[in-house]
Amino acid sequence: MSPVRIWVMAARLRTLPAAVAPVLVGTSLGVQATDDLRVGTFLAALLGAIFIQVGTNLSNDYSDARRGADTEDRLGPVRVTAGGLVPPKQVLVATYVTFGLAVLCGVYLVAVAGWELLVVGVLSIIAGVLYTGGPRPYGYEGLGEVFVFLFFGVAAVAGSTFAQIESWPWEALALAVPVGLLASAILVVNNVRDMDTDKRVGKRTLAVRLGRQRSRDLFAAMVYLSFPAALVPWIGGSLGPALLLVLLALPLAVPLVRTLRTHTDGPTLNEALARTGMVQLVFCVLLSGGILLS
């Protein structure tokens with residue numbers, strides 16, 4: 001396997017929609033409010049979010065391998081540290097470099113928009129590291145979905161909006177809800193897939209705590225509730241009916257929920273993980289379009 005392919009595997013590209021989607025939504029809210037796009041700010045926010053996501057993935061790869069969580073019988077793709085494809089020290093260095101690039105993006109955002117984004121960026125990086133790192137990783141205690149909702153929903157959408165208009169409109173917080181729900185749904189799929197091996201190594205994810213059936217119900221609730229949640233600013237009167245565009249993503253979501261309810265094999269759930277990320281991205285592209293048309 002080539003080095004490039006190994007590092008692409010380590011970056012876990014299937015999870016990147018969770019980083020891109022909220023920036024699109026938050027930026028669209030800023031543009032809708034001002035009829036102006038700060039291109040440099042948008043690119044810095046987008047790259048910063050991607051680097052934080054990749055850094056979190058690398059940190060997770062390194063920390064899970066050290067704790068023995070990524071065993072040979074797991075159903076997911078091979079992890080580069082546990083699989084012996086990359087020495088642990090190299091993965092750790094790559095984690096530092098990636099988070100360092102995120103910091104550079106953050107420095108630019110702070111310079112052009114304000115110190116508030118420094119707080120958002122620092123907390124996001126800390127959350128990424130402590131997901132599976134540190135003495136008490138919250139990902140091992142069933143809190144992963146909560147933090148994903150907060151940082152890939154609330155913080156990312158509201159932060160991207162602030163970067164454009166330097167204020168915190170209520171619409172950003174409202175639309176962070178569906179974005180965060182779909183981002184958390186990605187993690188639910190991941191944890192349902194890995195729940196048997198996670199249970200054996202003492203990793204008490206939310207899926208392990210709830211069990212397979214209730215985790216499937218949670219996934220369905222997260223996916224389906226995101227659609228009415230996206231309409232709240234329209235119901236509240238601040239944005240227009242163009243937000244109904246998100247309903248075009250519903251035909252992609254329904255079979256995805258059915259797949260998770262009826263399958264337990266690794267290949268199908270790996271594909272469901274990728275499809276959940278794409279549903280979130282399509283949903284957020286449509287939501288962004290609805291915002292701009294409002």
# chains A, B, ... in the order shown; residues from 1 in each chain; ligands from 1
>>> residues_around(residues="Arg5 of chain A", least_positions_apart="4", cutoff="12 Å", atoms="only C-alpha atoms", output="VMD selection string")
chain A and resid 1 9 to 13 80 85 to 86
>>> residues_around(residues="segment 104-108 of chain A", least_positions_apart="5", cutoff="10 Å", atoms="only C-alpha atoms", output="count of residues only")
20
>>> closest_residue(among="A:Leu37, A:Thr264, A:Asp61, A:Glu171", to="Gly237 of chain A", atoms="only C-alpha atoms")
A:Glu171
>>> closest_residue(among="A:Ala111, A:Val154, A:Ile125, A:Leu143", to="Lys203 of chain A", atoms="only C-alpha atoms")
A:Leu143
>>> closest_residue(among="A:Ser184, A:Asn270, A:Gln164, A:Thr205", to="Asp36 of chain A", atoms="only C-alpha atoms")
A:Gln164
>>> atom_distance(atom1="atom CA of Gln32 of chain A", atom2="atom CA of Leu247 of chain A")
20.5 Å
>>> closest_residue(among="A:Phe283, A:Leu292, A:Leu269, A:Val39", to="Pro251 of chain A", atoms="only C-alpha atoms")
A:Phe283
>>> closest_residue(among="A:Val31, A:Gly139, A:Ile6, A:Phe151", to="Gly83 of chain A", atoms="only C-alpha atoms")
A:Ile6
>>> residues_around(residues="Leu16 of chain A", least_positions_apart="4", cutoff="8 Å", atoms="only C-alpha atoms", output="list of chain:residue names")
A:Arg12, A:Val20, A:Ile50, A:Gln53, A:Val54, A:Gly277
>>> write_last_selection(atoms="N, CA, C and O atoms", output="mmCIF file, in the first residue's frame")
data_model
loop_
_atom_site.group_PDB
_atom_site.id
_atom_site.type_symbol
_atom_site.label_atom_id
_atom_site.label_comp_id
_atom_site.auth_asym_id
_atom_site.auth_seq_id
_atom_site.Cartn_x
_atom_site.Cartn_y
_atom_site.Cartn_z
ATOM 1 N N ARG A 12 -9.396 9.605 7.221
ATOM 2 C CA ARG A 12 -10.805 9.209 7.245
ATOM 3 C C ARG A 12 -11.672 10.220 6.492
ATOM 4 O O ARG A 12 -12.483 10.941 7.070
ATOM 5 N N VAL A 20 -17.217 20.128 6.678
ATOM 6 C CA VAL A 20 -17.547 21.074 5.598
ATOM 7 C C VAL A 20 -18.967 21.620 5.745
ATOM 8 O O VAL A 20 -19.208 22.826 5.592
ATOM 9 N N ILE A 50 -11.755 21.532 8.507
ATOM 10 C CA ILE A 50 -11.230 20.276 7.946
ATOM 11 C C ILE A 50 -10.008 19.818 8.727
ATOM 12 O O ILE A 50 -9.877 18.628 9.063
ATOM 13 N N GLN A 53 -11.031 18.339 12.012
ATOM 14 C CA GLN A 53 -11.608 17.009 11.831
ATOM 15 C C GLN A 53 -10.521 15.963 11.588
ATOM 16 O O GLN A 53 -10.510 14.902 12.209
ATOM 17 N N VAL A 54 -9.583 16.270 10.695
ATOM 18 C CA VAL A 54 -8.503 15.318 10.404
ATOM 19 C C VAL A 54 -7.617 15.128 11.633
ATOM 20 O O VAL A 54 -7.217 14.005 11.954
ATOM 21 N N GLY A 277 -22.628 10.585 5.964
ATOM 22 C CA GLY A 277 -21.870 11.805 5.717
ATOM 23 C C GLY A 277 -22.350 12.524 4.471
ATOM 24 O O GLY A 277 -22.466 13.762 4.457
#
>>> residues_around(residues="Arg14 of chain A", least_positions_apart="4", cutoff="10 Å", atoms="only C-alpha atoms", output="JSON, numbers by chain")
{"A": [9, 18, 186, 270, 271, 273, 274, 275, 276, 277, 278]}
>>> write_last_selection(atoms="N, CA and C atoms", output="PDB file, in the first residue's frame")
ATOM      1  N   MET A   9      -6.183   7.047   4.303  1.00  0.00           N
ATOM      2  CA  MET A   9      -6.942   6.176   5.186  1.00  0.00           C
ATOM      3  C   MET A   9      -6.958   6.721   6.613  1.00  0.00           C
ATOM      4  N   ALA A  18     -18.791  16.192   7.794  1.00  0.00           N
ATOM      5  CA  ALA A  18     -19.174  16.761   9.083  1.00  0.00           C
ATOM      6  C   ALA A  18     -18.439  18.062   9.362  1.00  0.00           C
ATOM      7  N   ILE A 186     -23.624  10.457  12.251  1.00  0.00           N
ATOM      8  CA  ILE A 186     -22.451   9.793  11.674  1.00  0.00           C
ATOM      9  C   ILE A 186     -21.731   8.980  12.740  1.00  0.00           C
ATOM     10  N   ASN A 270     -20.085   0.123   7.005  1.00  0.00           N
ATOM     11  CA  ASN A 270     -19.066   1.062   6.518  1.00  0.00           C
ATOM     12  C   ASN A 270     -19.637   1.938   5.410  1.00  0.00           C
ATOM     13  N   GLU A 271     -20.402   1.317   4.520  1.00  0.00           N
ATOM     14  CA  GLU A 271     -21.044   2.078   3.456  1.00  0.00           C
ATOM     15  C   GLU A 271     -22.102   3.021   4.026  1.00  0.00           C
ATOM     16  N   LEU A 273     -21.988   4.444   6.874  1.00  0.00           N
ATOM     17  CA  LEU A 273     -21.260   5.563   7.477  1.00  0.00           C
ATOM     18  C   LEU A 273     -20.956   6.624   6.429  1.00  0.00           C
ATOM     19  N   ALA A 274     -20.456   6.176   5.283  1.00  0.00           N
ATOM     20  CA  ALA A 274     -20.147   7.114   4.191  1.00  0.00           C
ATOM     21  C   ALA A 274     -21.416   7.783   3.685  1.00  0.00           C
ATOM     22  N   ARG A 275     -22.491   7.018   3.570  1.00  0.00           N
ATOM     23  CA  ARG A 275     -23.756   7.570   3.068  1.00  0.00           C
ATOM     24  C   ARG A 275     -24.357   8.584   4.044  1.00  0.00           C
ATOM     25  N   THR A 276     -24.170   8.361   5.348  1.00  0.00           N
ATOM     26  CA  THR A 276     -24.669   9.324   6.330  1.00  0.00           C
ATOM     27  C   THR A 276     -23.943  10.648   6.180  1.00  0.00           C
ATOM     28  N   GLY A 277     -22.628  10.585   5.964  1.00  0.00           N
ATOM     29  CA  GLY A 277     -21.870  11.805   5.717  1.00  0.00           C
ATOM     30  C   GLY A 277     -22.350  12.524   4.471  1.00  0.00           C
ATOM     31  N   MET A 278     -22.670  11.773   3.419  1.00  0.00           N
ATOM     32  CA  MET A 278     -23.141  12.403   2.186  1.00  0.00           C
ATOM     33  C   MET A 278     -24.541  12.979   2.352  1.00  0.00           C
TER      34      MET A 278
END
>>> closest_residue(among="A:Leu58, A:Leu231, A:Leu175, A:Ala183", to="Ala94 of chain A", atoms="only C-alpha atoms")
A:Leu58
